[in-house]
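Just below is one structure, and these are the notes that go with it.
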Amino acid sequence: MATEPPPPGPPPRAQRAWRAACPGCGAPVEFASAASASAVCSFCRSTVLRDGDTLRRIGVSAELFDDHSPLQLGARGKHQGVPFTLVGRLQYAYADGTWNEWHVLFDAAGADGAPRSAWLSEDNGAYVLAFDLPAPPDLPAAQEMHAGQRRLIGADAWSVASVVQAKLLAAEGELPRPPLLQGEFTVVDLRNTVGEVGTLDYANRTAPSWSVGQSVALSSLSLSGLREDSEKTLQGRTVPCPSCGASLAPTLATTQSMSCPQCRAVVDLTTTAGAIGVDLRYYAQNNAGPGGLAPQIPLGRTAKLALGDGEPIDWQVVGYMERCDLPSPDDDEEEQTFWREYLLFNRTAGFAFLVDAEDGWSWVRPMTGVPQVSARGANWKDQYFKQRYRYRAKVTWVQGEFYWRVRRDEEADVTDYDGPRGAKMSREETSQAAGKPDAQGRWPTEVVWSLGQAIDASAVATAFRIGPDAGAALSRDSSPLSGLTKSSSGGSGLSQGVIILLVVIVVVVLMARCSDDDCDDIKSTFGEASAEYQQCQRNQRSSGGFRTGGGSFGGYSSGGGGHK
């Protein structure tokens, strides 16, 4: 007769540990690694420095801002077959929010016999596992680093992804070096063509620290001992909307901004004090139409999707935004295009975007590395992507929750690329002025590359259980042209002349419908709350025509936020 296995016990204790009394309160402070230089007392939050067999108190760490991360001290995992424990945590703040770096201590020593440790840190809604390395010689000064640059660090070429001014908010647990809790410093993130992330930390200006890592999925680390599910942990986490007073209840651990369901104001949930509910900033949205723009996929809806080569997993819609391209200053008559982006969330896989654009649907996720870029295209993992459009994009409407701070009319410079078999790639640079400092002398702060794939509108409708009526509108952007493939004889399915003729006919018909003072067809096709219908109504009031088309893909560019 089979017997039930015993319930799992607590994680095994370190085989060798060192313990002493905290000089601040007398509570025991334990070191599991001989390489750890400092720790934070869990009782009085004193930062203590290990000096031989004694502890020396060097300061007091602030209280940690409860960001409801699923990770916690004592959680166990496995990387490349080697077990590890989360033994320490550093919490940083920068202009757009906060991020955590967890000190990982492996059970097995390194090749030199010394204890082996790493850092598990947040990266665009996902995670990076990085290892400290000796700093290469002749590092550039912090003020010389700007997003978008190519830099030689040691013997390797890197692309600067972001440059932020950060400060250490708080620390806990066991750390390999004493935390510096005073003042701001520069943190530079870099990416390379083999998918690595490099980080230069200038907290010690005379000796910057250097680490290199790669993206990891929490699901691949076999983690145990995590905090409760986010939905359970976040119960009771509510704040009043600073615009109308309605109760806001974030449901994600990483939410940094969200829209109010009552007044549609966009509320910033980060504060300089590192605490929610204090001096919340917000801005009102001024979109036309009843109740703003309604997502065709309801917020909160869950679907099972396979994004990439992995197995289908559950993705939940947690945020929605509309964006548009901006006409160039030299061409006021340039057509404008609107598209929609749904932010998807999975607890272990992180975030992805589902994009509804004029040429159909696609999904995209931020990349860890950067491709090799040429004048007309880019190469990534032996695939060539041809540059298609370059444009400036702006956020016009948001709903739901986002893991980065969404700003009013947020703009970005975007370059879209077409790859083989429906693959899509995009480069997005957030700055006041692309490639040069703005009026205040500030340079671009972040460059995010995204990678994705076209997806059929019917697959989206089926996965998210969209009814037939709404499903027809969901397919509105799937032009017959987007599904063309070469025939078995090597020719294309339609000639270029026929394609151009079809496009012209569609444009003429749409313009004629609006010019006849009739937006009903636009309403039934695009939806009453869509930007197309609202624009048609505005054009009718001004005796204008409906503008369609445009010069942008729209959509591959999602990425918001950044490493750290």
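Within each chain, counting starts at residue 1; across the structure tokens, chains are named A, B, ... in the order shown, with ligands numbered 1 upward in that order.
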
Considering only C-alpha atoms, return as a PDB file with N, CA and C atoms, in the first residue's frame whatever protein or nucleic-acid residues lie within 7 Å of A:Asp413, sequence-local ones (same chain, fewer than 6 positions apart) excluded.
```pdb
ATOM      1  N   TYR A 391       9.656  56.497 -36.995  1.00  0.00           N
ATOM      2  CA  TYR A 391       8.640  57.504 -36.686  1.00  0.00           C
ATOM      3  C   TYR A 391       8.706  57.845 -35.202  1.00  0.00           C
ATOM      4  N   ARG A 392       7.987  58.876 -34.835  1.00  0.00           N
ATOM      5  CA  ARG A 392       7.857  59.274 -33.431  1.00  0.00           C
ATOM      6  C   ARG A 392       6.442  58.926 -32.983  1.00  0.00           C
ATOM      7  N   ALA A 393       6.326  58.271 -31.834  1.00  0.00           N
ATOM      8  CA  ALA A 393       5.037  57.794 -31.338  1.00  0.00           C
ATOM      9  C   ALA A 393       4.683  58.479 -30.033  1.00  0.00           C
ATOM     10  N   GLU A 428      13.000  51.211 -29.585  1.00  0.00           N
ATOM     11  CA  GLU A 428      12.281  52.367 -29.054  1.00  0.00           C
ATOM     12  C   GLU A 428      13.196  53.154 -28.116  1.00  0.00           C
ATOM     13  N   GLU A 429      13.331  54.423 -28.394  1.00  0.00           N
ATOM     14  CA  GLU A 429      14.183  55.303 -27.599  1.00  0.00           C
ATOM     15  C   GLU A 429      13.315  56.367 -26.939  1.00  0.00           C
ATOM     16  N   THR A 430      13.364  56.408 -25.622  1.00  0.00           N
ATOM     17  CA  THR A 430      12.607  57.413 -24.884  1.00  0.00           C
ATOM     18  C   THR A 430      13.520  58.568 -24.541  1.00  0.00           C
ATOM     19  N   ALA A 434      15.631  62.841 -29.765  1.00  0.00           N
ATOM     20  CA  ALA A 434      16.373  61.612 -30.058  1.00  0.00           C
ATOM     21  C   ALA A 434      17.811  61.914 -30.449  1.00  0.00           C
TER      22      ALA A 434
END
```

task: Mind checking which residues fall within 9 Å of A:Tyr384, counting only C-alpha atoms, ignoring those fewer than 6 positions away in the same chain, and posting them as a ChimeraX atom specification?
output: /A:377-378,418-420

Spatial neighbours of A:Leu299, max dist 9 Å, only C-alpha atoms, sep filter under 5 positions, as number ranges by chain: A: 316-320, 342, 399-400

task: Using DSSP on the backbone coordinates, identify the residues of stretch 304-463 of chain A assigned to strand (DSSP E or B); present them as a PyMOL selection string.
output: chain A and resi 304-305+313-326+338-346+350-357+360-366+372-373+377-380+383-402+411-418+423-430+446-455

- prompt: Counting only C-alpha atoms, what is within 10 Å of A:Arg376, bar same-chain residues fewer than 4 positions away, as a ChimeraX atom specification?
  reply: /A:385-388,417

message: Could you tell me how far atom CA of A:Val266 sits from atom CA of A:Lys394, in Å to one decimal place?
response: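 Result for atom CA of A:Lys394 versus atom CA of A:Val266: 15.5 Å, one decimal.
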
task: Kindly give the distance, in Å, that separates atom CA of A:Leu180 and atom CA of A:Ala135, rounded to a single decimal.
output: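 Those two atoms sit 18.6 Å apart.
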
Of the listed residues A:Ala114, A:Arg191, A:Asp409, A:Asp96, that which approaches A:Val164 most closely, counting only C-alpha atoms: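 Selected residue with least distance to A:Val164: A:Asp96.
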
A:Ser162 surroundings by only C-alpha atoms, 6 Å radius, close-in-sequence under 2 positions cut, as JSON, numbers by chain: {"A": [147, 160, 188, 189, 445, 446]}

Which of A:Cys241, A:Ala217, A:Val398, A:Ala108 sits closest to A:Gly310 [using only C-alpha atoms]: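 Of A:Cys241, A:Ala217, A:Val398, A:Ala108, the one nearest A:Gly310, counting only C-alpha atoms, is A:Ala217.
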
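DSSP on the backbone gives helix (DSSP H, G or I) for these parts of stretch 316-470 of chain A: Pro420, Arg421, Gly422, Ala457, Ser458, Ala459, Val460, Ala461, Thr462, Ala463, Pro468, Asp469 and Ala470 of chain A.
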
Nearest to A:Val197 by atom-to-atom distance, counting only C-alpha atoms, from A:Val128, A:Leu451, A:Leu168, A:Leu307: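 Counting only C-alpha atoms, the residue closest to A:Val197 is A:Val128.
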
Write out as a CSV table (one decimal) with C-alpha atoms, in the first residue's frame which residues come within 9 Å of A:Asn204 when counting only C-alpha atoms, dropping same-chain ones fewer than 3 positions away.
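Final output, saved to out-v1.csv:
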```csv
chain,number,residue,atom,x,y,z
A,180,LEU,CA,25.9,52.8,0.7
A,185,PHE,CA,24.8,57.6,-8.1
A,201,ASP,CA,27.3,50.7,-10.7
A,207,ALA,CA,36.0,51.9,-8.2
A,208,PRO,CA,32.7,51.2,-10.1
A,209,SER,CA,31.3,47.7,-9.8
```

query: Suppose you want the space between atom CA of A:Gly213 and atom CA of A:Gly225; what is it in Å?
result: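 For atom CA of A:Gly213 relative to atom CA of A:Gly225, the distance reads 23.7 Å.
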
- request: May I have the residues within 6 Å of A:Arg427 as JSON, numbers by chain, using only C-alpha atoms and disregarding those fewer than 6 positions away in the same chain?
  value: {"A": [414, 415, 448, 449]}

Counting only C-alpha atoms, the option among A:Ser117, A:Ser247, A:Asn192, A:Gln165 closest to A:Val104: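 Counting only C-alpha atoms, the residue closest to A:Val104 is A:Ser117.
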